[in-house]
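Asks: Pasting entry_31.txt below, which is compact mmCIF, C-alpha atoms.
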# COMPACT_ATOMS: atom_id res chain seq x y z
CA ARG A 75 -17.18 -156.48 123.58
CA LEU A 76 -13.80 -155.89 122.08
CA LEU A 77 -11.15 -154.18 124.15
CA ARG A 78 -8.31 -152.99 121.95
CA ILE A 79 -4.96 -152.42 123.64
CA GLN A 80 -1.94 -151.03 121.85
CA THR A 81 1.43 -152.05 123.24
CA PHE A 82 4.54 -150.09 122.37
CA ILE A 83 7.89 -151.78 122.96
CA THR A 84 10.91 -149.54 122.68
CA SER A 85 13.61 -152.10 123.42
CA ASP A 86 13.84 -155.89 123.47
CA GLU A 87 16.83 -155.72 125.80
CA ASP A 88 15.08 -154.07 128.73
CA SER A 89 12.76 -156.90 129.81
CA ASN A 90 12.33 -155.47 133.29
CA ASN A 91 10.78 -152.29 131.91
CA ASN A 92 8.52 -154.33 129.64
CA ASN A 93 7.33 -156.46 132.55
CA ALA A 94 6.63 -153.35 134.63
CA ALA A 95 4.66 -151.80 131.77
CA ALA A 96 2.69 -155.01 131.33
CA THR A 97 1.85 -155.03 135.04
CA ILE A 98 0.57 -151.45 134.88
CA THR A 99 -1.40 -152.17 131.68
CA ASN A 100 -3.02 -155.25 133.22
CA SER A 101 -3.84 -153.24 136.34
CA ARG A 102 -5.66 -150.65 134.26
CA VAL A 103 -7.46 -153.15 132.03
CA LEU A 104 -8.63 -155.29 134.93
CA GLY A 105 -9.66 -152.27 136.97
CA THR A 106 -7.15 -152.88 139.79
CA SER A 107 -6.08 -149.72 141.56
CA ARG A 108 -2.40 -149.08 142.12
CA SER A 109 -3.23 -147.06 145.22
CA THR A 110 -2.13 -148.42 148.59
CA SER A 111 -5.76 -148.10 149.66
CA ASN A 112 -6.39 -151.22 147.58
CA PRO A 113 -5.71 -154.35 149.73
CA ASP A 114 -5.01 -156.52 146.67
CA TYR A 115 -2.34 -154.18 145.36
CA ALA A 116 -0.84 -153.67 148.81
CA ALA A 117 -0.73 -157.36 149.75
CA ASP A 118 3.02 -157.57 149.04
CA ASN A 119 3.74 -153.93 149.88
CA SER A 120 5.88 -153.09 152.91
CA LEU A 121 3.48 -150.23 153.73
CA ALA A 122 0.74 -152.77 154.38
CA GLU A 123 2.66 -154.26 157.31
CA GLY A 124 0.52 -154.20 160.45
CA ARG A 125 -2.68 -153.50 158.51
CA ASN A 126 -4.77 -156.04 160.43
CA GLU A 127 -3.59 -154.71 163.80
CA ARG A 128 -4.42 -151.13 162.76
CA ARG A 129 -7.80 -152.29 161.51
CA ILE A 130 -8.64 -153.90 164.87
CA LYS A 131 -7.60 -150.77 166.80
CA LEU A 132 -9.55 -148.45 164.53
CA HIS A 133 -12.65 -150.63 164.66
CA GLU A 134 -12.55 -150.57 168.46
CA GLU A 135 -12.39 -146.78 168.48
CA LEU A 136 -15.16 -146.47 165.88
CA ASN A 137 -17.44 -148.73 167.91
CA LYS A 138 -16.91 -146.47 170.93
CA LEU A 139 -18.21 -143.57 168.82
CA GLY A 140 -21.28 -145.47 167.67
CA ILE A 141 -20.04 -146.12 164.13
CA ASP A 142 -20.33 -149.66 162.77
CA PRO A 143 -17.02 -150.39 160.98
CA ASN A 144 -18.49 -153.43 159.24
CA GLU A 145 -21.11 -151.17 157.64
CA MET A 146 -18.29 -148.91 156.48
CA GLU A 147 -16.59 -151.80 154.71
CA HIS A 148 -19.74 -153.24 153.14
CA HIS A 149 -21.69 -150.03 152.41
CA PRO A 150 -19.09 -147.26 151.96
CA GLU A 151 -21.55 -145.11 149.98
CA GLN A 152 -23.44 -144.44 153.22
CA PHE A 153 -20.44 -142.76 154.86
CA GLY A 154 -19.06 -140.47 152.15
CA THR A 155 -15.83 -140.49 150.20
CA ALA A 156 -13.91 -138.28 152.66
CA ALA A 157 -14.54 -140.62 155.60
CA MET A 158 -13.70 -143.69 153.52
CA ARG A 159 -10.49 -142.08 152.24
CA THR A 160 -9.42 -141.38 155.83
CA TYR A 161 -10.28 -144.94 156.84
CA ASN A 162 -8.31 -146.51 153.98
CA SER A 163 -5.33 -144.19 154.40
CA PHE A 164 -4.95 -145.26 158.02
CA LEU A 165 -5.07 -148.96 157.17
CA LEU A 166 -2.75 -148.64 154.16
CA PRO A 167 -0.55 -145.53 154.40
CA LYS A 168 0.99 -144.14 151.23
CA SER A 169 4.48 -143.40 152.59
CA LYS A 170 6.90 -144.53 155.28
CA GLY A 171 6.30 -141.29 157.17
CA ALA A 172 2.54 -141.84 157.13
CA LEU A 173 3.10 -145.42 158.28
CA ALA A 174 5.13 -144.22 161.26
CA VAL A 175 2.34 -141.80 162.22
CA ALA A 176 -0.30 -144.53 161.84
CA GLU A 177 1.65 -146.79 164.19
CA SER A 178 1.68 -144.25 167.04
CA PRO A 179 -0.34 -145.44 170.08
CA THR A 180 -3.06 -142.76 170.00
CA ARG A 181 -3.42 -142.43 166.23
CA ALA A 182 -6.37 -144.84 165.92
CA ARG A 183 -8.40 -142.69 168.32
CA VAL A 184 -7.57 -139.50 166.42
CA VAL A 185 -8.49 -141.09 163.06
CA ALA A 186 -11.75 -142.46 164.48
CA ASN A 187 -12.74 -138.99 165.73
CA ASN A 188 -11.89 -137.52 162.34
CA ILE A 189 -14.00 -140.16 160.59
CA SER A 190 -16.88 -139.47 163.00
CA PHE A 191 -16.79 -135.77 162.12
CA LEU A 192 -16.63 -136.48 158.37
CA VAL A 193 -19.56 -138.90 158.59
CA ARG A 194 -21.68 -136.34 160.47
CA GLU A 195 -20.76 -133.71 157.90
CA PHE A 196 -21.66 -136.06 155.05
CA LYS A 197 -25.05 -136.92 156.55
CA ALA A 198 -25.79 -133.26 157.22
CA ASP A 199 -25.04 -132.48 153.57
CA GLN A 200 -27.34 -135.32 152.52
CA GLU A 201 -30.17 -134.02 154.70
CA GLU A 202 -29.72 -130.47 153.41
CA TRP A 203 -29.71 -131.82 149.86
CA LEU A 204 -33.02 -133.63 150.42
CA ARG A 205 -34.60 -130.53 151.95
CA ASN A 206 -33.49 -128.43 148.98
CA VAL A 207 -34.80 -131.01 146.52
CA ASP A 208 -38.21 -131.13 148.16
CA ARG A 209 -38.45 -127.33 148.37
CA ASN A 210 -37.31 -126.69 144.82
CA ARG A 211 -39.61 -129.30 143.32
CA ASN A 212 -42.59 -127.95 145.25
CA ASP A 213 -41.76 -124.43 144.07
CA SER A 214 -41.38 -125.67 140.52
CA LEU A 215 -44.74 -127.45 140.61
CA SER A 216 -46.55 -124.43 142.05
CA GLN A 217 -45.10 -122.14 139.39
CA THR A 218 -45.51 -124.42 136.38
CA GLU A 219 -48.43 -126.70 137.12
CA GLU A 220 -49.30 -126.99 133.44
CA ARG A 221 -45.74 -127.68 132.31
CA ALA A 222 -45.39 -131.40 131.63
CA LYS A 223 -42.04 -133.14 131.42
CA HIS A 224 -41.14 -135.05 128.29
CA PRO A 225 -41.54 -138.86 128.54
CA VAL A 226 -37.79 -139.41 128.24
CA VAL A 227 -35.56 -141.22 130.74
CA ILE A 228 -31.77 -141.12 130.66
CA VAL A 229 -30.04 -144.18 132.15
CA LEU A 230 -26.37 -143.91 133.11
CA ASP A 231 -24.66 -147.31 133.29
CA ASN A 232 -21.61 -147.12 135.58
CA VAL A 233 -20.52 -143.70 134.37
CA ARG A 234 -17.36 -142.86 136.30
CA SER A 235 -16.94 -139.10 136.00
CA ALA A 236 -18.90 -136.93 138.41
CA HIS A 237 -18.32 -134.02 136.06
CA ASN A 238 -20.02 -135.93 133.23
CA VAL A 239 -22.96 -136.69 135.51
CA GLY A 240 -23.26 -133.02 136.45
CA ASN A 241 -23.29 -131.95 132.81
CA ILE A 242 -25.98 -134.51 131.97
CA LEU A 243 -28.11 -133.38 134.91
CA ARG A 244 -27.89 -129.80 133.67
CA LEU A 245 -28.91 -130.90 130.19
CA ALA A 246 -31.78 -133.00 131.59
CA GLU A 247 -33.15 -130.07 133.58
CA ALA A 248 -32.99 -127.76 130.56
CA ALA A 249 -34.69 -130.34 128.32
CA GLN A 250 -37.30 -131.19 131.00
CA VAL A 251 -36.79 -134.94 130.72
CA GLU A 252 -38.76 -137.13 133.07
CA SER A 253 -35.83 -138.50 135.07
CA ILE A 254 -32.25 -139.73 135.11
CA ARG A 255 -31.39 -143.15 136.53
CA LEU A 256 -27.90 -143.30 138.08
CA CYS A 257 -26.96 -146.98 138.12
CA GLY A 258 -24.02 -148.98 139.42
CA MET A 259 -20.99 -146.94 140.44
CA THR A 260 -22.34 -143.75 138.83
CA PRO A 261 -21.81 -140.86 141.31
CA ARG A 262 -24.97 -139.33 142.77
CA PRO A 263 -25.87 -135.88 144.09
CA PRO A 264 -24.85 -134.23 146.35
CA HIS A 265 -21.34 -135.27 145.25
CA PRO A 266 -19.37 -131.96 145.26
CA LYS A 267 -18.13 -132.35 141.67
CA ILE A 268 -21.67 -133.08 140.44
CA MET A 269 -23.08 -130.06 142.24
CA LYS A 270 -20.36 -127.79 140.85
CA THR A 271 -20.89 -128.92 137.26
CA ALA A 272 -24.70 -129.12 137.43
CA MET A 273 -24.83 -125.47 138.57
CA GLY A 274 -28.05 -125.80 140.55
CA ALA A 275 -29.88 -128.07 138.12
CA ALA A 276 -29.41 -131.30 140.09
CA GLU A 277 -32.02 -130.37 142.67
CA TYR A 278 -34.74 -130.23 139.99
CA VAL A 279 -34.08 -133.62 138.38
CA ASP A 280 -35.45 -136.97 139.59
CA VAL A 281 -32.47 -139.36 139.88
CA GLY A 282 -34.32 -142.59 140.67
CA ASP A 283 -33.53 -145.46 143.04
CA ALA A 284 -29.96 -145.67 144.33
CA ASP A 285 -30.04 -149.45 144.70
CA ALA A 286 -31.23 -150.44 141.21
CA SER A 287 -28.81 -152.06 138.76
CA THR A 288 -28.74 -150.92 135.14
CA LEU A 289 -30.21 -154.19 133.90
CA GLN A 290 -33.04 -154.14 136.44
CA THR A 291 -33.73 -150.47 135.66
CA VAL A 292 -34.01 -151.26 131.94
CA LEU A 293 -36.30 -154.23 132.60
CA ASP A 294 -38.52 -152.10 134.83
CA LEU A 295 -38.76 -149.37 132.19
CA LYS A 296 -39.67 -151.90 129.50
CA ALA A 297 -42.37 -153.32 131.76
CA LYS A 298 -43.83 -149.81 132.05
CA GLY A 299 -44.02 -149.44 128.28
CA TYR A 300 -40.80 -147.58 127.53
CA ASP A 301 -38.82 -148.29 124.38
CA VAL A 302 -35.18 -148.53 125.47
CA TYR A 303 -32.30 -147.52 123.19
CA GLY A 304 -28.63 -148.17 123.89
CA VAL A 305 -26.24 -145.40 122.92
CA GLU A 306 -23.10 -147.20 121.80
CA THR A 307 -20.60 -147.47 118.94
CA THR A 308 -21.11 -151.02 117.66
CA GLU A 309 -21.14 -152.48 114.17
CA THR A 310 -24.94 -152.70 114.27
CA ALA A 311 -25.50 -149.19 115.65
CA ILE A 312 -27.68 -146.79 113.66
CA THR A 313 -26.72 -143.13 113.47
CA LEU A 314 -29.04 -140.98 115.56
CA TRP A 315 -30.24 -139.04 112.52
CA ASP A 316 -31.29 -142.27 110.77
CA ALA A 317 -32.68 -144.11 113.80
CA PRO A 318 -36.45 -144.66 113.90
CA ILE A 319 -37.28 -143.32 117.38
CA SER A 320 -40.61 -144.53 118.75
CA SER A 321 -43.45 -142.17 119.64
CA ASN A 322 -43.83 -144.14 122.89
CA PRO A 323 -42.04 -143.08 126.08
CA VAL A 324 -38.34 -143.71 125.51
CA ALA A 325 -35.19 -144.34 127.54
CA PHE A 326 -31.60 -143.87 126.39
CA VAL A 327 -28.79 -145.83 128.05
CA PHE A 328 -25.30 -144.29 128.17
CA GLY A 329 -22.38 -146.41 129.34
CA ASN A 330 -19.06 -146.19 131.10
CA GLU A 331 -16.45 -143.89 129.53
CA LEU A 332 -14.04 -146.80 128.97
CA ILE A 333 -16.06 -149.96 128.36
CA GLY A 334 -19.42 -148.56 127.28
CA VAL A 335 -22.83 -150.10 127.95
CA ASP A 336 -22.94 -153.58 129.47
CA ILE A 337 -23.62 -156.32 126.92
CA GLU A 338 -26.55 -157.75 128.91
CA VAL A 339 -28.14 -154.30 128.92
CA LEU A 340 -27.62 -153.88 125.16
CA ASP A 341 -29.37 -157.21 124.60
CA GLU A 342 -32.49 -155.76 126.23
CA CYS A 343 -32.50 -152.61 124.10
CA LYS A 344 -34.92 -152.18 121.22
CA ASN A 345 -32.17 -150.66 119.10
CA ILE A 346 -28.61 -149.39 119.38
CA ILE A 347 -27.90 -145.89 118.17
CA SER A 348 -24.65 -143.96 117.83
CA LEU A 349 -24.06 -140.25 118.17
CA PRO A 350 -22.39 -138.59 115.19
CA THR A 351 -18.88 -137.30 115.90
Would you write the structure of this file as structure tokens?

Replies:
Amino acid sequence: RLLRIQTFITSDEDSNNNNAAATITNSRVLGTSRSTSNPDYAADNSLAEGRNERRIKLHEELNKLGIDPNEMEHHPEQFGTAAMRTYNSFLLPKSKGALAVAESPTRARVVANNISFLVREFKADQEEWLRNVDRNRNDSLSQTEERAKHPVVIVLDNVRSAHNVGNILRLAEAAQVESIRLCGMTPRPPHPKIMKTAMGAAEYVDVGDADASTLQTVLDLKAKGYDVYGVETTETAITLWDAPISSNPVAFVFGNELIGVDIEVLDECKNIISLPT
């Protein structure tokens, strides 16, 4: 995969500005967040002072509330983005004022209670989502028993934007595709941004296993007889209008907005097609 980066230098005299720009560029290319919630970025940041002590205090308070802080660190997707944002903001405040508040003696208890509420809210939303999915699919089956879905699977490989996922779910419901597989870091329903963009369609679309990687998903589909096509702009890609699409069940893999479909996944595809622009 080729990653093309254009560098614009306005002055040879201002080396400090050039070094700062290079640091930011490398941060973006390597995927390193500049947020103080990122321990690597904050390692030499004065706002990170006392992070370990705050972490110990917060973990003690979370344990009192029945929340396993180690699970939060290793499986953040099970606790929701709001709870994780609160957790990270306490450990690595974003301003000197926030740092002073975080260092107050009772702040860890307050943050732990806030996290507990956000986790309960997240799990309640998940349970309501599952109930709605089951109800809507049962209603759909009872009303359209003879309506078969098309043998088409859409695979999203580490798509970042929840809005993009919501749009694709809406399209999938309208086209009656078999399922969508949300792999890697791809956001999943009931993410608020997905639900807003999908406009009610998400509850009618099968989104597959949350733990499957893109590569394993593709291998599983191939084993079931699907012909898998990567959707990517490469030198060997065939325009959609000219691509010989199989009459067998098919799967289309769409990649990340920045880096596209993973190379290992493309190697497993029967063909690579590009969408006309």

Asks: For each of A:Phe328, A:Ser253, A:Asn126, A:Met146, take the minimum atom-to-atom distance to Glu177 of chain A, counting all atoms listed in the file, then give the residue where this is smallest.

Replies: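 With all atoms listed in the file as the atom set, the closest residue is A:Asn126.
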
Asks: Please identify all polymer residues within 12 Å of Gly140 of chain A, counting all atoms listed in the file, omitting same-chain residues fewer than 4 positions from it, and present them as a ChimeraX atom specification.

Replies: /A:133-136,144-145,186-187,189-190,193-194

Asks: Mind giving me the straight-line distance from atom CA of Val339 of chain A to atom CA of Ile254 of chain A in Å, one decimal?

Replies: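 A separation of 16.4 Å between them.
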
Asks: List the neighbours of segment 306-322 of chain A out to 7 Å using only C-alpha atoms; skip same-chain residues closer than 5 positions along the sequence, and give me the result as a PDB file with C-alpha atoms, in the frame of the given file.

Replies:
ATOM      1  CA  TYR A 300     -40.800-147.580 127.530  1.00  0.00           C
ATOM      2  CA  ASP A 301     -38.820-148.290 124.380  1.00  0.00           C
ATOM      3  CA  GLY A 334     -19.420-148.560 127.280  1.00  0.00           C
ATOM      4  CA  VAL A 335     -22.830-150.100 127.950  1.00  0.00           C
ATOM      5  CA  ILE A 346     -28.610-149.390 119.380  1.00  0.00           C
ATOM      6  CA  ILE A 347     -27.900-145.890 118.170  1.00  0.00           C
ATOM      7  CA  SER A 348     -24.650-143.960 117.830  1.00  0.00           C
ATOM      8  CA  LEU A 349     -24.060-140.250 118.170  1.00  0.00           C
ATOM      9  CA  PRO A 350     -22.390-138.590 115.190  1.00  0.00           C
TER      10      PRO A 350
END

Asks: Find the distance between atom CA of Lys131 of chain A and atom CA of His149 of chain A and write it in Å to one decimal.

Replies: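 The value is 20.2 Å.
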
Asks: For segment 281-285 of chain A, work out the shell of residues within 10 Å, counting all atoms listed in the file and skipping chain neighbours fewer than 2 positions away, then give it as a list in words.

Replies: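 Within the cut-off, the hits are Val227, Ile228, Val229, Leu243, Glu252, Ser253, Ile254, Arg255, Leu256, Cys257, Gly258, Met259, Thr260, Pro261, Arg262, Pro263, Ala276, Glu277, Tyr278, Val279, Ser287, Thr288, Gln290 and Thr291 of chain A.
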
Asks: For atom CA of Val226 of chain A and atom CA of Ala275 of chain A, determine how far apart the two atoms are, in Å to one decimal place.

Replies: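 For atom CA of Val226 of chain A relative to atom CA of Ala275 of chain A, the distance reads 17.0 Å.
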
Asks: Using all atoms listed in the file, find each residue in segment 178-211 of chain A having at least one atom no more than 9 Å away from segment 163-169 of chain A; report its shortest atom-to-atom pair and that distance in Å (one decimal), rows by chain then rising number, as a tab-separated table.

Replies:
residue	atom	partner	partner_atom	distance
A:Arg181	CA	A:Phe164	CA	8.8
A:Ala182	CA	A:Phe164	CA	8.0
A:Val185	CA	A:Phe164	CA	7.4

Asks: Output, as AutoDock Vina command-line options, the centre and edge lengths in Å (one decimal) of the axis-aligned box that contains all listed atoms of segment 173-192 of chain A with 5 Å of margin on each side.

Replies:
--center_x -5.9 --center_y -141.3 --center_z 164.2 --size_x 32.0 --size_y 21.0 --size_z 21.8
